[in-house]
$ cat query.pdb   # PDB, C-alpha atoms and all ligand atoms
ATOM      1  CA  MET A   1      -0.342   7.483 -34.346
ATOM      2  CA  ASP A   2       2.898   9.409 -33.790
ATOM      3  CA  LYS A   3       3.847  11.008 -30.494
ATOM      4  CA  SER A   4       2.795  14.532 -31.454
ATOM      5  CA  GLN A   5      -0.666  13.313 -32.525
ATOM      6  CA  GLN A   6      -0.966  11.334 -29.297
ATOM      7  CA  ASP A   7       0.103  14.367 -27.251
ATOM      8  CA  ALA A   8      -2.543  16.489 -29.001
ATOM      9  CA  LEU A   9      -5.220  13.964 -27.970
ATOM     10  CA  LYS A  10      -3.891  13.814 -24.405
ATOM     11  CA  LYS A  11      -3.905  17.602 -24.224
ATOM     12  CA  ALA A  12      -7.488  17.834 -25.531
ATOM     13  CA  ALA A  13      -8.645  15.309 -22.911
ATOM     14  CA  GLY A  14      -6.761  17.188 -20.168
ATOM     15  CA  ILE A  15      -8.267  20.557 -21.111
ATOM     16  CA  GLU A  16     -11.756  19.057 -21.265
ATOM     17  CA  ALA A  17     -11.369  17.431 -17.833
ATOM     18  CA  ALA A  18     -10.091  20.659 -16.263
ATOM     19  CA  LYS A  19     -13.624  22.078 -16.744
ATOM     20  CA  LEU A  20     -14.788  19.685 -14.001
ATOM     21  CA  VAL A  21     -12.769  21.605 -11.396
ATOM     22  CA  THR A  22     -14.621  24.648 -10.085
ATOM     23  CA  ASP A  23     -14.201  27.173  -7.244
ATOM     24  CA  GLY A  24     -14.123  25.711  -3.746
ATOM     25  CA  MET A  25     -13.504  22.129  -4.806
ATOM     26  CA  ILE A  26     -10.996  19.651  -3.445
ATOM     27  CA  ALA A  27      -9.563  17.907  -6.506
ATOM     28  CA  GLY A  28      -7.305  14.877  -6.701
ATOM     29  CA  LEU A  29      -4.594  15.299  -9.304
ATOM     30  CA  GLY A  30      -3.147  12.156 -10.883
ATOM     31  CA  THR A  31       0.234  11.512 -12.435
ATOM     32  CA  GLY A  32       1.661  11.138 -15.928
ATOM     33  CA  SER A  33       2.048  12.935 -19.228
ATOM     34  CA  THR A  34      -1.716  13.354 -19.789
ATOM     35  CA  VAL A  35      -2.188  14.786 -16.300
ATOM     36  CA  ARG A  36       0.609  17.268 -17.023
ATOM     37  CA  PHE A  37      -1.670  18.852 -19.632
ATOM     38  CA  LEU A  38      -4.511  18.923 -17.099
ATOM     39  CA  VAL A  39      -2.344  20.638 -14.485
ATOM     40  CA  ASP A  40      -1.058  23.134 -17.090
ATOM     41  CA  GLU A  41      -4.669  24.091 -17.841
ATOM     42  CA  LEU A  42      -5.662  24.283 -14.168
ATOM     43  CA  GLY A  43      -2.567  26.395 -13.496
ATOM     44  CA  ARG A  44      -3.520  28.723 -16.336
ATOM     45  CA  ARG A  45      -7.020  29.122 -14.891
ATOM     46  CA  VAL A  46      -5.636  29.760 -11.393
ATOM     47  CA  GLN A  47      -3.330  32.458 -12.732
ATOM     48  CA  GLU A  48      -5.553  34.042 -15.389
ATOM     49  CA  GLU A  49      -9.085  33.463 -14.096
ATOM     50  CA  GLY A  50      -8.531  33.301 -10.319
ATOM     51  CA  LEU A  51      -9.761  29.686 -10.066
ATOM     52  CA  ASN A  52      -9.631  28.790  -6.388
ATOM     53  CA  PHE A  53      -9.410  25.105  -5.488
ATOM     54  CA  ILE A  54      -7.373  22.787  -3.279
ATOM     55  CA  GLY A  55      -5.414  19.898  -4.807
ATOM     56  CA  VAL A  56      -4.418  16.524  -3.408
ATOM     57  CA  THR A  57      -1.642  15.025  -5.518
ATOM     58  CA  THR A  58      -0.777  11.404  -6.271
ATOM     59  CA  SER A  59       2.967  11.929  -6.676
ATOM     60  CA  ARG A  60       5.725  14.346  -5.762
ATOM     61  CA  ARG A  61       6.123  15.126  -9.495
ATOM     62  CA  THR A  62       2.553  16.357  -9.799
ATOM     63  CA  GLN A  63       2.847  18.258  -6.527
ATOM     64  CA  GLU A  64       5.903  20.144  -7.822
ATOM     65  CA  GLN A  65       4.205  21.005 -11.121
ATOM     66  CA  ALA A  66       0.985  22.143  -9.411
ATOM     67  CA  GLU A  67       2.799  24.254  -6.819
ATOM     68  CA  SER A  68       4.842  25.903  -9.576
ATOM     69  CA  TYR A  69       1.522  27.423 -10.731
ATOM     70  CA  GLY A  70       0.546  28.481  -7.215
ATOM     71  CA  ILE A  71      -2.068  25.730  -6.835
ATOM     72  CA  LYS A  72      -2.597  24.992  -3.121
ATOM     73  CA  ILE A  73      -1.737  21.338  -2.386
ATOM     74  CA  VAL A  74      -2.594  19.566   0.868
ATOM     75  CA  ASP A  75      -1.940  16.075   2.197
ATOM     76  CA  VAL A  76      -4.627  13.453   1.614
ATOM     77  CA  ASP A  77      -4.999  13.103   5.392
ATOM     78  CA  ASP A  78      -5.744  16.828   5.729
ATOM     79  CA  VAL A  79      -9.051  16.609   3.836
ATOM     80  CA  ASP A  80     -12.239  14.798   4.803
ATOM     81  CA  HIS A  81     -13.284  14.234   1.195
ATOM     82  CA  ILE A  82     -12.136  14.730  -2.380
ATOM     83  CA  ASP A  83     -14.787  15.970  -4.802
ATOM     84  CA  VAL A  84     -13.227  14.649  -7.970
ATOM     85  CA  THR A  85      -9.951  12.990  -8.907
ATOM     86  CA  ILE A  86      -8.687  13.287 -12.463
ATOM     87  CA  ASP A  87      -5.979  10.846 -13.465
ATOM     88  CA  GLY A  88      -4.508   9.121 -16.495
ATOM     89  CA  ALA A  89      -4.556   5.387 -17.227
ATOM     90  CA  ASP A  90      -2.508   2.945 -19.250
ATOM     91  CA  GLU A  91      -5.426   0.840 -20.500
ATOM     92  CA  VAL A  92      -9.183   0.703 -19.970
ATOM     93  CA  ASP A  93     -11.739  -1.795 -21.286
ATOM     94  CA  LYS A  94     -15.487  -1.499 -21.931
ATOM     95  CA  ASP A  95     -16.264  -2.781 -18.405
ATOM     96  CA  PHE A  96     -14.237   0.108 -16.980
ATOM     97  CA  ASN A  97     -11.460  -2.156 -15.766
ATOM     98  CA  GLY A  98      -8.115  -0.446 -16.099
ATOM     99  CA  ILE A  99      -4.391  -0.719 -15.651
ATOM    100  CA  LYS A 100      -2.513   2.115 -13.984
ATOM    101  CA  GLY A 101       0.994   2.599 -12.664
ATOM    102  CA  GLY A 102       2.992   3.137 -15.834
ATOM    103  CA  GLY A 103       4.423   6.156 -14.034
ATOM    104  CA  ALA A 104       5.038   4.141 -10.831
ATOM    105  CA  ALA A 105       2.467   6.151  -8.843
ATOM    106  CA  LEU A 106      -0.163   3.406  -8.512
ATOM    107  CA  LEU A 107      -0.196   3.218  -4.716
ATOM    108  CA  TRP A 108      -0.847   6.898  -4.035
ATOM    109  CA  GLU A 109      -3.164   6.980  -7.056
ATOM    110  CA  LYS A 110      -5.270   4.167  -5.620
ATOM    111  CA  ILE A 111      -5.377   5.750  -2.156
ATOM    112  CA  VAL A 112      -6.499   9.117  -3.558
ATOM    113  CA  ALA A 113      -9.015   7.443  -5.902
ATOM    114  CA  THR A 114     -10.484   5.349  -3.086
ATOM    115  CA  ASN A 115     -11.179   8.524  -1.107
ATOM    116  CA  SER A 116     -12.771  10.432  -3.995
ATOM    117  CA  ASN A 117     -16.456  11.021  -4.640
ATOM    118  CA  LYS A 118     -15.887  10.874  -8.374
ATOM    119  CA  ILE A 119     -13.052   9.419 -10.471
ATOM    120  CA  VAL A 120     -12.325  10.645 -13.989
ATOM    121  CA  TRP A 121      -9.648   9.259 -16.302
ATOM    122  CA  ILE A 122      -8.162  11.113 -19.229
ATOM    123  CA  VAL A 123      -6.685   8.973 -21.987
ATOM    124  CA  ASP A 124      -5.944   9.100 -25.678
ATOM    125  CA  GLU A 125      -7.919   6.672 -27.829
ATOM    126  CA  SER A 126      -5.053   4.134 -28.050
ATOM    127  CA  LYS A 127      -5.612   3.260 -24.358
ATOM    128  CA  VAL A 128      -9.175   1.963 -24.884
ATOM    129  CA  VAL A 129      -8.860  -1.802 -25.438
ATOM    130  CA  ASP A 130     -11.012  -4.937 -25.662
ATOM    131  CA  THR A 131      -8.986  -6.877 -23.102
ATOM    132  CA  ILE A 132      -6.506  -5.356 -20.669
ATOM    133  CA  GLY A 133      -3.034  -6.848 -20.211
ATOM    134  CA  LYS A 134      -1.036  -5.886 -23.271
ATOM    135  CA  PHE A 135       0.321  -3.025 -21.172
ATOM    136  CA  PRO A 136       2.530  -4.693 -18.512
ATOM    137  CA  LEU A 137       0.688  -4.656 -15.185
ATOM    138  CA  PRO A 138       2.653  -2.735 -12.512
ATOM    139  CA  VAL A 139       2.831  -4.205  -9.021
ATOM    140  CA  GLU A 140       4.381  -2.275  -6.113
ATOM    141  CA  VAL A 141       6.563  -4.566  -4.010
ATOM    142  CA  ILE A 142       8.510  -4.078  -0.769
ATOM    143  CA  PRO A 143      12.267  -4.274  -1.556
ATOM    144  CA  PHE A 144      12.914  -6.751   1.285
ATOM    145  CA  GLY A 145      12.443 -10.222  -0.205
ATOM    146  CA  ALA A 146      11.448  -8.852  -3.626
ATOM    147  CA  GLY A 147      13.450 -11.600  -5.329
ATOM    148  CA  HIS A 148      11.177 -14.220  -3.765
ATOM    149  CA  VAL A 149       8.063 -12.335  -4.843
ATOM    150  CA  ILE A 150       9.413 -12.187  -8.412
ATOM    151  CA  LYS A 151      10.148 -15.935  -8.322
ATOM    152  CA  HIS A 152       6.612 -16.569  -7.037
ATOM    153  CA  PHE A 153       5.207 -14.542  -9.960
ATOM    154  CA  GLU A 154       7.406 -16.503 -12.398
ATOM    155  CA  ASP A 155       6.067 -19.784 -11.002
ATOM    156  CA  ARG A 156       2.543 -18.541 -11.630
ATOM    157  CA  GLY A 157       3.354 -17.646 -15.251
ATOM    158  CA  TYR A 158       2.935 -13.896 -14.751
ATOM    159  CA  GLN A 159       6.211 -13.053 -16.568
ATOM    160  CA  PRO A 160       7.481 -10.468 -14.078
ATOM    161  CA  VAL A 161      10.190  -7.922 -14.855
ATOM    162  CA  LEU A 162      11.691  -5.689 -12.150
ATOM    163  CA  ARG A 163      11.440  -2.106 -13.438
ATOM    164  CA  LEU A 164      14.866  -0.460 -13.762
ATOM    165  CA  ASP A 165      15.849   3.159 -14.330
ATOM    166  CA  LYS A 166      18.236   4.362 -17.041
ATOM    167  CA  ASP A 167      21.224   3.576 -14.782
ATOM    168  CA  GLY A 168      20.072  -0.027 -14.337
ATOM    169  CA  LYS A 169      18.944   0.503 -10.735
ATOM    170  CA  PRO A 170      15.483  -0.550  -9.532
ATOM    171  CA  VAL A 171      12.933   2.243  -9.932
ATOM    172  CA  ARG A 172      11.726   3.468  -6.529
ATOM    173  CA  THR A 173       8.200   4.692  -5.924
ATOM    174  CA  ASP A 174       7.340   7.707  -3.759
ATOM    175  CA  GLU A 175       7.099   5.154  -0.902
ATOM    176  CA  ASN A 176      10.580   3.853  -1.782
ATOM    177  CA  ASN A 177       9.273   0.496  -2.999
ATOM    178  CA  TYR A 178      10.058  -1.437  -6.215
ATOM    179  CA  VAL A 179       7.790  -1.876  -9.231
ATOM    180  CA  VAL A 180       7.489  -5.292 -10.885
ATOM    181  CA  ASP A 181       5.758  -5.286 -14.297
ATOM    182  CA  LEU A 182       3.794  -8.406 -15.225
ATOM    183  CA  HIS A 183       3.916  -9.080 -18.986
ATOM    184  CA  MET A 184       0.717 -11.079 -19.246
ATOM    185  CA  GLU A 185      -0.495  -9.895 -22.686
ATOM    186  CA  ARG A 186      -4.161 -10.686 -21.852
ATOM    187  CA  ILE A 187      -5.858 -10.553 -18.462
ATOM    188  CA  GLU A 188      -9.076 -12.527 -18.900
ATOM    189  CA  HIS A 189     -10.030 -12.670 -15.201
ATOM    190  CA  PRO A 190      -8.837  -9.408 -13.635
ATOM    191  CA  GLN A 191     -10.773  -9.872 -10.373
ATOM    192  CA  ASP A 192      -9.116 -13.250  -9.691
ATOM    193  CA  LEU A 193      -5.705 -11.834 -10.535
ATOM    194  CA  ALA A 194      -6.268  -8.808  -8.286
ATOM    195  CA  GLU A 195      -7.106 -11.071  -5.350
ATOM    196  CA  ASP A 196      -4.109 -13.285  -5.968
ATOM    197  CA  LEU A 197      -1.755 -10.299  -6.144
ATOM    198  CA  ILE A 198      -3.028  -8.488  -3.070
ATOM    199  CA  ASN A 199      -2.801 -11.712  -1.064
ATOM    200  CA  THR A 200       0.881 -12.161  -1.942
ATOM    201  CA  VAL A 201       3.099 -11.257   1.012
ATOM    202  CA  GLY A 202       5.449  -8.434  -0.027
ATOM    203  CA  VAL A 203       2.979  -6.885  -2.484
ATOM    204  CA  VAL A 204       1.849  -3.436  -1.383
ATOM    205  CA  GLU A 205      -0.569  -2.711  -4.236
ATOM    206  CA  HIS A 206      -1.235  -3.593  -7.861
ATOM    207  CA  GLY A 207      -2.219  -1.486 -10.840
ATOM    208  CA  LEU A 208      -5.564  -3.152 -11.529
ATOM    209  CA  PHE A 209      -8.260  -0.504 -10.982
ATOM    210  CA  LEU A 210     -11.410  -2.554 -11.478
ATOM    211  CA  ASN A 211     -14.724  -0.761 -11.987
ATOM    212  CA  MET A 212     -13.450   2.216  -9.963
ATOM    213  CA  VAL A 213     -13.652   4.942 -12.574
ATOM    214  CA  ASP A 214     -16.901   6.884 -13.128
ATOM    215  CA  THR A 215     -16.055   8.699 -16.334
ATOM    216  CA  VAL A 216     -13.381   8.306 -18.988
ATOM    217  CA  ILE A 217     -12.626  11.273 -21.230
ATOM    218  CA  VAL A 218     -11.064   9.933 -24.403
ATOM    219  CA  GLY A 219      -8.973  12.187 -26.605
ATOM    220  CA  ASP A 220     -10.273  11.365 -30.070
ATOM    221  CA  PRO A 221      -9.326  13.025 -33.384
ATOM    222  CA  HIS A 222     -12.980  14.176 -33.690
ATOM    223  CA  GLY A 223     -12.906  15.804 -30.221
ATOM    224  CA  PRO A 224     -12.995  14.531 -26.638
ATOM    225  CA  ARG A 225     -15.461  11.641 -26.179
ATOM    226  CA  VAL A 226     -16.969  10.714 -22.798
ATOM    227  CA  MET A 227     -17.512   7.133 -21.597
ATOM    228  CA  THR A 228     -19.799   6.954 -18.549
ATOM    229  CA  ASN A 229     -19.741   3.973 -16.198
ATOM    230  CA  SER A 230     -23.346   3.163 -15.274
ATOM    231  CA  ASN A 231     -22.426   0.038 -13.295
ATOM    232  CA  LYS A 232     -20.776   1.686 -10.322
TER     233      LYS A 232
HETATM  234  O1  LIG B   1      -0.864   5.442 -13.763
HETATM  235  C1  LIG B   1      -0.145   6.354 -14.090
HETATM  236  C2  LIG B   1       1.074   6.733 -13.348
HETATM  237  O2  LIG B   1       1.378   5.820 -12.348
HETATM  238  C3  LIG B   1      -0.466   7.165 -15.280
HETATM  239  O3  LIG B   1      -1.697   7.777 -15.074
HETATM  240  C4  LIG B   1      -0.510   6.287 -16.480
HETATM  241  O4  LIG B   1       0.738   5.625 -16.592
HETATM  242  C5  LIG B   1      -0.783   7.072 -17.768
HETATM  243  O5  LIG B   1       0.310   7.901 -18.031
HETATM  244  P1  LIG B   1       0.407   8.792 -19.325
HETATM  245  O6  LIG B   1      -0.646   9.829 -19.221
HETATM  246  O7  LIG B   1       1.800   9.352 -19.278
HETATM  247  O8  LIG B   1       0.213   7.903 -20.529
END

$ encode --input "query.pdb" --output "structure tokens"
Amino acid sequence: MDKSQQDALKKAAGIEAAKLVTDGMIAGLGTGSTVRFLVDELGRRVQEEGLNFIGVTTSRRTQEQAESYGIKIVDVDDVDHIDVTIDGADEVDKDFNGIKGGGAALLWEKIVATNSNKIVWIVDESKVVDTIGKFPLPVEVIPFGAGHVIKHFEDRGYQPVLRLDKDGKPVRTDENNYVVDLHMERIEHPQDLAEDLINTVGVVEHGLFLNMVDTVIVGDPHGPRVMTNSNK
């Protein structure tokens, strides 16, 4: 699949998911190129149809895009609930275990998701996999002592790589932390890995989102397809 075909699938999933946001809702807005299509569609509805909702964003990038359309954005601590959060994902398997954080927004994404009544992911079909792990697993790490955390991951065989920007400097998250990507290829026991990671001193959060999502809208050449998680 080339990039334009993939973008068409992402856009179709984003437009389909935008239908879930209705007047009066508080909606969590994720981060990434698929979510950009979602926010474009929500912005169009705000401007052309008078859609009236409040957004809680998972990154400064999404906040800027949403506000450029006049969408009202509030802080996650200024709402007592979030009706639905719509986000992208890097991989998802049939048990609804996923990897997120390709866009370095995993920490805010997990906080917003945890406080949402319903979680929806929008992906193109290439993200639906048998076993997660081919996509490098992002881990958000405090800069102080990050070298020791990376060494610890190496000792455990996790094949860590500190994420760098185009100038060769460590990528910083919206919380000013580093991202370490674990090149594990296959994650057979995601729950065990999640526990190991979160118990590592210096790790703030990891990109394993295990059985959190309720619905996945998959951009498919035959039209958006919905996967519903009945085990949540
Ligand atoms: O987790 C994320 C950002 O931290 C994104 O949702 C994920 O990387 C998918 O991005 P894209 O829609 O660009 O493929």

$ residues_near_point --input "query.pdb" --point "(-8.1, 21.2, -11.3)" --cutoff "9 Å" --atoms "all atoms listed in the file" --output "number ranges by chain"
A: 17-22, 25-29, 38-39, 41-43, 45-46, 51, 53-55, 71, 84-86

$ write_last_selection --input "query.pdb" --atoms "C-alpha atoms" --output "tab-separated table (two decimals), in the coordinates of the input"
chain	number	residue	atom	x	y	z
A	17	ALA	CA	-11.37	17.43	-17.83
A	18	ALA	CA	-10.09	20.66	-16.26
A	19	LYS	CA	-13.62	22.08	-16.74
A	20	LEU	CA	-14.79	19.68	-14.00
A	21	VAL	CA	-12.77	21.60	-11.40
A	22	THR	CA	-14.62	24.65	-10.09
A	25	MET	CA	-13.50	22.13	-4.81
A	26	ILE	CA	-11.00	19.65	-3.44
A	27	ALA	CA	-9.56	17.91	-6.51
A	28	GLY	CA	-7.30	14.88	-6.70
A	29	LEU	CA	-4.59	15.30	-9.30
A	38	LEU	CA	-4.51	18.92	-17.10
A	39	VAL	CA	-2.34	20.64	-14.48
A	41	GLU	CA	-4.67	24.09	-17.84
A	42	LEU	CA	-5.66	24.28	-14.17
A	43	GLY	CA	-2.57	26.40	-13.50
A	45	ARG	CA	-7.02	29.12	-14.89
A	46	VAL	CA	-5.64	29.76	-11.39
A	51	LEU	CA	-9.76	29.69	-10.07
A	53	PHE	CA	-9.41	25.10	-5.49
A	54	ILE	CA	-7.37	22.79	-3.28
A	55	GLY	CA	-5.41	19.90	-4.81
A	71	ILE	CA	-2.07	25.73	-6.84
A	84	VAL	CA	-13.23	14.65	-7.97
A	85	THR	CA	-9.95	12.99	-8.91
A	86	ILE	CA	-8.69	13.29	-12.46

$ closest_residue --input "query.pdb" --among "A:Ser126, A:Arg156, A:Val201, A:Ile119" --to "A:Phe96" --atoms "all atoms listed in the file"
A:Ile119

$ residues_near_ligand --input "query.pdb" --ligand "ligand LIG 1 (chain B)" --cutoff "6 Å" --atoms "all atoms listed in the file" --output "VMD selection string"
chain A and resid 31 to 35 87 to 90 100 to 106

$ closest_atom_pairs --input "query.pdb" --of "stretch 33-91 of chain A" --to "stretch 166-179 of chain A" --cutoff "10 Å" --atoms "all atoms listed in the file" --output "Markdown table"
| residue | atom | partner | partner_atom | distance |
| --- | --- | --- | --- | --- |
| A:Thr58 | CA | A:Asp174 | CA | 9.3 |
| A:Ser59 | CA | A:Asp174 | CA | 6.7 |
| A:Arg60 | CA | A:Asp174 | CA | 7.1 |
| A:Arg61 | CA | A:Asp174 | CA | 9.5 |

$ atom_distance --input "query.pdb" --atom1 "atom CA of A:Ala146" --atom2 "atom CA of A:Val203"
8.8 Å

$ residues_near_point --input "query.pdb" --point "(-19.2, 10.3, -23.3)" --cutoff "10 Å" --atoms "all atoms listed in the file" --output "list in words"
Thr215, Val216, Ile217, Val218, Pro224, Arg225, Val226, Met227, Thr228 and Asn229 of chain A

$ residues_around --input "query.pdb" --residues "A:Ile73" --least-positions-apart "4" --cutoff "8 Å" --atoms "all atoms listed in the file" --output "JSON, numbers by chain"
{"A": [54, 55, 56, 57, 63, 66, 67]}

$ write_last_selection --input "query.pdb" --atoms "C-alpha atoms" --output "mmCIF file, keeping the file's coordinate frame"
data_model
loop_
_atom_site.group_PDB
_atom_site.id
_atom_site.type_symbol
_atom_site.label_atom_id
_atom_site.label_comp_id
_atom_site.auth_asym_id
_atom_site.auth_seq_id
_atom_site.Cartn_x
_atom_site.Cartn_y
_atom_site.Cartn_z
ATOM 1 C CA ILE A 54 -7.373 22.787 -3.279
ATOM 2 C CA GLY A 55 -5.414 19.898 -4.807
ATOM 3 C CA VAL A 56 -4.418 16.524 -3.408
ATOM 4 C CA THR A 57 -1.642 15.025 -5.518
ATOM 5 C CA GLN A 63 2.847 18.258 -6.527
ATOM 6 C CA ALA A 66 0.985 22.143 -9.411
ATOM 7 C CA GLU A 67 2.799 24.254 -6.819
#

$ resolve_selection --input "query.pdb" --expression "the PyMOL selection byres (((chain A and resi 205) around 8) and not hetatm)" --output "number ranges by chain"
A: 106-107, 139-141, 197-198, 203-204, 206-207

$ closest_residue --input "query.pdb" --among "A:Gly50, A:Pro190, A:Pro136, A:Pro143" --to "A:Asp95" --atoms "all atoms listed in the file"
A:Pro190

$ atom_distance --input "query.pdb" --atom1 "atom CA of A:Val129" --atom2 "atom CA of A:Pro160"
21.7 Å

$ atom_distance --input "query.pdb" --atom1 "atom CA of A:Asn211" --atom2 "atom CA of A:Lys232"
6.7 Å

$ axis_aligned_box --input "query.pdb" --around "stretch 160-179 of chain A" --padding-each-side "5 Å" --output "JSON"
{"center_x": 14.2, "center_y": -1.4, "center_z": -9.0, "size_x": 24.1, "size_y": 28.2, "size_z": 26.1}

$ closest_residue --input "query.pdb" --among "A:Ile187, A:Ala194, A:Ile132, A:Val120" --to "A:Gly14" --atoms "all atoms listed in the file"
A:Val120
